[in-house]
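Student: Got a structure for you, data.cif, holding mmCIF, C-alpha atoms and all ligand atoms.
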```cif
data_work
loop_
_atom_site.label_atom_id
_atom_site.label_comp_id
_atom_site.auth_asym_id
_atom_site.auth_seq_id
_atom_site.Cartn_x
_atom_site.Cartn_y
_atom_site.Cartn_z
CA MET A 1 0.00 0.00 0.00
CA ALA A 2 1.33 3.43 -0.92
CA VAL A 3 2.65 5.96 1.57
CA ARG A 4 1.02 9.38 1.55
CA PHE A 5 1.99 12.58 3.37
CA ARG A 6 -0.26 15.01 5.15
CA ALA A 7 0.67 18.04 7.22
CA ALA A 8 1.18 17.20 10.91
CA THR A 9 -1.21 19.00 13.26
CA ILE A 10 -1.47 19.56 16.98
CA ALA A 11 -3.79 16.52 17.11
CA ASP A 12 -0.74 14.35 16.26
CA ALA A 13 1.18 15.41 19.40
CA PRO A 14 0.14 12.40 21.57
CA LEU A 15 1.12 9.92 18.83
CA LEU A 16 4.45 11.68 18.23
CA ARG A 17 5.18 11.60 21.98
CA GLN A 18 4.37 7.86 21.95
CA TRP A 19 6.78 7.34 19.03
CA ASP A 20 9.42 9.39 20.90
CA ASP A 21 9.43 6.63 23.55
CA GLU A 22 10.18 3.83 21.05
CA PRO A 23 13.67 2.38 21.76
CA ALA A 24 14.95 2.74 18.17
CA VAL A 25 13.68 6.31 17.99
CA ILE A 26 15.35 7.17 21.33
CA GLU A 27 18.55 5.51 20.11
CA SER A 28 18.53 7.52 16.89
CA ASP A 29 17.81 10.82 18.64
CA PRO A 30 18.67 10.40 22.34
CA LYS A 31 18.38 13.89 23.72
CA ASP A 32 16.06 15.86 21.53
CA ASP A 33 12.78 17.20 22.89
CA TRP A 34 10.78 18.11 19.82
CA ASP A 35 8.36 20.21 21.91
CA TRP A 36 5.48 18.97 19.76
CA GLU A 37 2.69 20.93 21.45
CA VAL A 38 4.51 24.19 20.66
CA GLU A 39 6.01 23.30 17.29
CA LEU A 40 2.89 21.73 15.76
CA ALA A 41 0.95 24.87 16.61
CA ARG A 42 3.07 26.95 14.23
CA THR A 43 4.01 26.66 10.57
CA PRO A 44 7.14 28.67 9.78
CA ASP A 45 7.79 28.91 6.04
CA TRP A 46 11.25 27.30 6.38
CA ARG A 47 9.81 23.97 7.62
CA GLU A 48 7.39 21.18 6.73
CA GLN A 49 6.35 18.53 9.28
CA LEU A 50 4.66 15.69 7.42
CA ILE A 51 2.92 12.62 8.79
CA ALA A 52 3.34 9.54 6.59
CA GLU A 53 0.24 7.38 6.37
CA VAL A 54 -0.35 3.95 4.89
CA GLY A 55 -4.00 3.27 4.19
CA GLY A 56 -4.90 6.27 6.37
CA ARG A 57 -2.86 4.93 9.33
CA PRO A 58 -0.02 7.19 10.56
CA ILE A 59 3.32 5.33 10.57
CA GLY A 60 6.00 7.99 10.77
CA ILE A 61 7.08 11.57 10.32
CA VAL A 62 9.35 13.52 8.02
CA GLN A 63 10.60 17.01 8.77
CA ILE A 64 12.04 19.08 5.94
CA ILE A 65 13.80 22.35 6.74
CA ASP A 66 15.71 25.04 4.92
CA PRO A 67 18.82 24.85 7.13
CA ALA A 68 19.98 28.38 6.26
CA ARG A 69 16.69 29.86 7.46
CA GLU A 70 15.93 27.53 10.40
CA GLU A 71 15.72 29.67 13.53
CA THR A 72 18.14 27.88 15.88
CA HIS A 73 20.83 27.65 13.16
CA TYR A 74 21.32 24.00 14.08
CA TRP A 75 23.41 23.48 10.91
CA GLY A 76 25.55 26.55 11.58
CA THR A 77 26.51 28.64 8.58
CA VAL A 78 25.26 26.81 5.50
CA ALA A 79 24.68 27.78 1.91
CA PRO A 80 21.22 28.89 0.80
CA ASP A 81 19.09 26.62 -1.36
CA LEU A 82 19.69 23.44 0.64
CA ARG A 83 17.17 21.26 2.41
CA ALA A 84 17.70 19.01 5.46
CA ILE A 85 15.53 16.01 6.32
CA ASP A 86 14.70 14.21 9.58
CA ILE A 87 12.73 10.95 9.35
CA TRP A 88 11.51 8.24 11.65
CA ILE A 89 8.95 5.47 11.68
CA GLY A 90 7.22 5.00 15.04
CA ALA A 91 6.57 1.27 15.42
CA ALA A 92 9.19 -1.44 14.93
CA SER A 93 6.57 -3.46 13.03
CA ASP A 94 6.42 -0.71 10.36
CA ARG A 95 10.19 -0.68 9.76
CA ASN A 96 12.12 -2.79 7.22
CA ARG A 97 9.08 -3.05 4.97
CA GLY A 98 10.06 -0.44 2.42
CA TYR A 99 7.99 2.41 3.88
CA GLY A 100 11.08 4.46 4.80
CA THR A 101 12.36 4.23 1.23
CA GLU A 102 8.98 5.42 -0.07
CA MET A 103 8.92 8.25 2.49
CA MET A 104 12.40 9.41 1.50
CA CYS A 105 11.55 9.32 -2.23
CA LEU A 106 8.44 11.44 -1.58
CA ALA A 107 10.43 13.79 0.69
CA LEU A 108 13.27 14.16 -1.85
CA GLY A 109 10.71 14.95 -4.54
CA ARG A 110 9.37 17.75 -2.35
CA CYS A 111 12.85 19.01 -1.50
CA PHE A 112 13.96 19.23 -5.13
CA ALA A 113 10.64 20.57 -6.47
CA PRO A 114 11.90 24.19 -6.27
CA PRO A 115 14.47 24.40 -9.10
CA ALA A 116 16.82 26.50 -6.95
CA VAL A 117 17.42 23.70 -4.43
CA THR A 118 20.88 22.26 -5.07
CA ALA A 119 21.24 19.46 -2.48
CA VAL A 120 19.69 17.69 0.50
CA ILE A 121 21.68 17.05 3.68
CA ILE A 122 21.09 14.64 6.53
CA ASP A 123 22.85 14.00 9.86
CA PRO A 124 22.34 10.53 11.37
CA LEU A 125 24.24 9.66 14.54
CA ALA A 126 27.53 8.00 13.57
CA SER A 127 26.35 4.99 15.62
CA ASN A 128 23.15 4.59 13.54
CA VAL A 129 24.72 2.25 11.00
CA ASP A 130 21.36 0.96 9.73
CA ALA A 131 20.16 4.49 8.90
CA ILE A 132 23.50 5.36 7.28
CA ARG A 133 23.27 2.26 5.04
CA PHE A 134 19.64 3.20 4.28
CA TYR A 135 20.66 6.73 3.15
CA GLN A 136 23.61 5.47 1.10
CA ARG A 137 21.38 2.91 -0.60
CA LEU A 138 19.05 5.81 -1.49
CA GLY A 139 21.97 7.61 -3.21
CA PHE A 140 23.31 9.89 -0.45
CA SER A 141 27.10 10.34 -0.36
CA LEU A 142 29.17 10.60 2.77
CA VAL A 143 30.42 14.13 3.53
CA GLY A 144 32.11 13.28 6.83
CA PRO A 145 31.84 13.30 10.61
CA ARG A 146 30.46 16.34 12.39
CA ARG A 147 29.64 17.02 16.03
CA PHE A 148 26.27 18.67 16.75
CA GLY A 149 26.25 19.58 20.46
CA ASP A 150 27.08 16.29 22.23
CA ASP A 151 26.10 14.15 19.22
CA GLU A 152 28.72 12.55 16.98
CA CYS A 153 27.03 12.50 13.58
CA LEU A 154 27.86 11.69 10.00
CA VAL A 155 26.72 14.18 7.39
CA LEU A 156 25.46 12.76 4.10
CA ARG A 157 24.38 14.71 1.06
CA MET A 158 22.47 14.17 -2.16
CA GLU A 159 23.14 16.63 -5.00
CA ARG A 160 20.41 17.54 -7.49
CA PRO A 161 22.06 15.67 -10.42
CA GLU A 162 22.03 12.46 -8.34
CA TRP A 163 18.31 12.91 -7.70
CA MET A 164 17.65 13.77 -11.36
CA SER A 165 19.37 10.56 -12.43
CA MET A 166 16.89 8.57 -10.35
CA VAL A 167 13.60 10.15 -11.46
C1 LIG B 1 15.70 4.65 9.25
C2 LIG B 1 14.25 4.34 8.87
C3 LIG B 1 13.50 5.65 8.61
C4 LIG B 1 14.26 3.50 7.59
O1 LIG B 1 12.94 3.19 7.26
P1 LIG B 1 12.51 1.67 6.92
O2 LIG B 1 11.10 1.66 6.53
O3 LIG B 1 12.92 0.80 8.05
O4 LIG B 1 13.45 1.44 5.65
P2 LIG B 1 13.20 0.40 4.46
O5 LIG B 1 12.29 -0.68 4.89
O6 LIG B 1 12.82 1.16 3.25
O7 LIG B 1 14.68 -0.12 4.27
C5 LIG B 1 15.33 -0.74 5.41
C6 LIG B 1 15.76 -2.17 5.08
O8 LIG B 1 14.61 -2.98 4.85
C7 LIG B 1 14.77 -3.65 3.61
N1 LIG B 1 13.42 -3.82 3.02
C8 LIG B 1 12.77 -2.91 2.28
N2 LIG B 1 11.57 -3.41 1.92
C9 LIG B 1 11.47 -4.62 2.45
C10 LIG B 1 10.47 -5.63 2.44
N3 LIG B 1 9.33 -5.46 1.80
N4 LIG B 1 10.73 -6.76 3.14
C11 LIG B 1 11.89 -6.93 3.81
N5 LIG B 1 12.87 -6.01 3.85
C12 LIG B 1 12.67 -4.88 3.18
C13 LIG B 1 15.62 -2.74 2.80
O9 LIG B 1 16.29 -3.43 1.76
C14 LIG B 1 16.60 -2.24 3.82
O10 LIG B 1 17.61 -3.17 4.03
P3 LIG B 1 19.05 -2.76 4.58
O11 LIG B 1 18.86 -2.35 6.02
O12 LIG B 1 19.85 -3.99 4.45
O13 LIG B 1 19.53 -1.60 3.73
C15 LIG B 1 13.52 3.54 9.98
O14 LIG B 1 14.12 2.27 10.12
C16 LIG B 1 13.48 4.24 11.32
O15 LIG B 1 12.62 5.07 11.53
N6 LIG B 1 14.40 3.87 12.24
C17 LIG B 1 14.39 4.38 13.60
C18 LIG B 1 14.66 5.88 13.66
C19 LIG B 1 15.85 6.29 12.83
O16 LIG B 1 16.92 5.68 12.89
N7 LIG B 1 15.68 7.37 12.06
C20 LIG B 1 16.75 7.93 11.26
C21 LIG B 1 17.45 8.94 12.05
S1 LIG B 1 18.78 9.65 11.11
#
```
Can you present the structure in this file as structure tokens?
Ligand SMILES: CC(C)(COP(=O)(O)OP(=O)(O)OC[C@H]1O[C@@H](n2cnc3c(N)ncnc32)[C@H](O)[C@@H]1OP(=O)(O)O)[C@@H](O)C(=O)NCCC(=O)NCCS

Tutor:
Amino acid sequence: MAVRFRAATIADAPLLRQWDDEPAVIESDPKDDWDWEVELARTPDWREQLIAEVGGRPIGIVQIIDPAREETHYWGTVAPDLRAIDIWIGAASDRNRGYGTEMMCLALGRCFAPPAVTAVIIDPLASNVDAIRFYQRLGFSLVGPRRFGDDECLVLRMERPEWMSMV
């Protein structure tokens, strides 16, 4: 069954909090508090928060940001015309079934829809070897290690020509 996106709303906060307690989600993002009740109540133009549904059932979330315009400057000084993606699937039973690949393909399509966007970046924890393999299989290339706060991450990047060769 195909994955579809819809905009996340404040009504999704309890489900997102439930997913935040899943062991694999904690492991992939140990310290972050996404402050759902606050963040879902606002829609800044540099961000999309999208719930992925299969047959109308929510399975995961994708966040797409413009890292140069994101308010906390998490990515530091970055070029304009990039996008950064966060993704997770809530329940273990919904992972390793191809949904994440479908979600990323949909998300990349959205990221590259504006012609000005040159590349998409992503920052899994260096310890998250499954996610790193997943991104590389999708066509992301390794940029290198980078520390974000206390988190040792690996930055990966997909350039527009790579995406264009796949669609
Ligand atoms: C990372 C994540 C988003 C990937 O999504 P996913 O749905 O599990 O990914 P897919 O199912 O598309 O691909 C994962 C594996 O399942 C395999 N797979 C895909 N479809 C399959 C199917 N129908 N049957 C069996 N295996 C399948 C893929 O080949 C892939 O194998 P690999 O690990 O050897 O590369 C998801 O696992 C997740 O949310 N993990 C926890 C949080 C997390 O780590 N988020 C990323 C933070 S950077």

Student: Determine, using all atoms listed in the file, which residues of chain A have any atom at most 7 Å from an atom of ligand LIG 1 (chain B), and tabulate each with its shortest atom pair and distance in Å to one decimal place, rows ordered by chain and then rising number, as CSV.

Tutor:
```
residue,atom,partner,partner_atom,distance
A:Ala24,CA,B:LIG1,C17,4.9
A:Val25,CA,B:LIG1,C18,4.5
A:Ser28,CA,B:LIG1,O16,4.7
A:Asp29,CA,B:LIG1,C21,6.9
A:Asp86,CA,B:LIG1,S1,6.3
A:Ile87,CA,B:LIG1,N7,5.4
A:Trp88,CA,B:LIG1,O15,3.4
A:Ile89,CA,B:LIG1,O15,3.7
A:Gly90,CA,B:LIG1,O15,6.4
A:Asp94,CA,B:LIG1,O2,6.5
A:Arg95,CA,B:LIG1,O3,3.5
A:Asn96,CA,B:LIG1,O5,3.1
A:Arg97,CA,B:LIG1,C9,3.8
A:Gly98,CA,B:LIG1,O6,3.3
A:Tyr99,CA,B:LIG1,O2,4.2
A:Gly100,CA,B:LIG1,O2,3.3
A:Thr101,CA,B:LIG1,O6,3.7
A:Glu102,CA,B:LIG1,O6,6.6
A:Asp123,CA,B:LIG1,S1,6.1
A:Pro124,CA,B:LIG1,S1,3.7
A:Leu125,CA,B:LIG1,S1,6.4
A:Asn128,CA,B:LIG1,O16,6.4
A:Asp130,CA,B:LIG1,O11,5.6
A:Ala131,CA,B:LIG1,C1,4.5
A:Arg133,CA,B:LIG1,O13,5.5
A:Phe134,CA,B:LIG1,O13,4.8
A:Arg137,CA,B:LIG1,O13,6.5
```

Student: Can you measure atom CA of A:Ile51 to atom CA of A:Ala7 for me? One decimal in Å is fine.

Tutor: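 Atom CA of A:Ile51 sits 6.1 Å away from atom CA of A:Ala7.
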
Student: Determine the nearest neighbour of A:Met103 from the options A:Asp33, A:Ile85, A:Glu39, A:Gly139, counting all atoms listed in the file.

Tutor: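 Closest to A:Met103, using all atoms listed in the file: A:Ile85.
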
Student: Ranking A:Ile61, A:Val78, A:Ala84, A:Leu138 by minimum distance to A:Ile122 and counting only C-alpha atoms, which one comes first?

Tutor: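 Residue with the minimum atom-to-atom distance to A:Ile122: A:Ala84.
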
Student: Separation of atom CA of A:Asp45 and atom CA of A:Glu27, in Å?

Tutor: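 Value for the atom CA of A:Asp45-atom CA of A:Glu27 distance: 29.3 Å.
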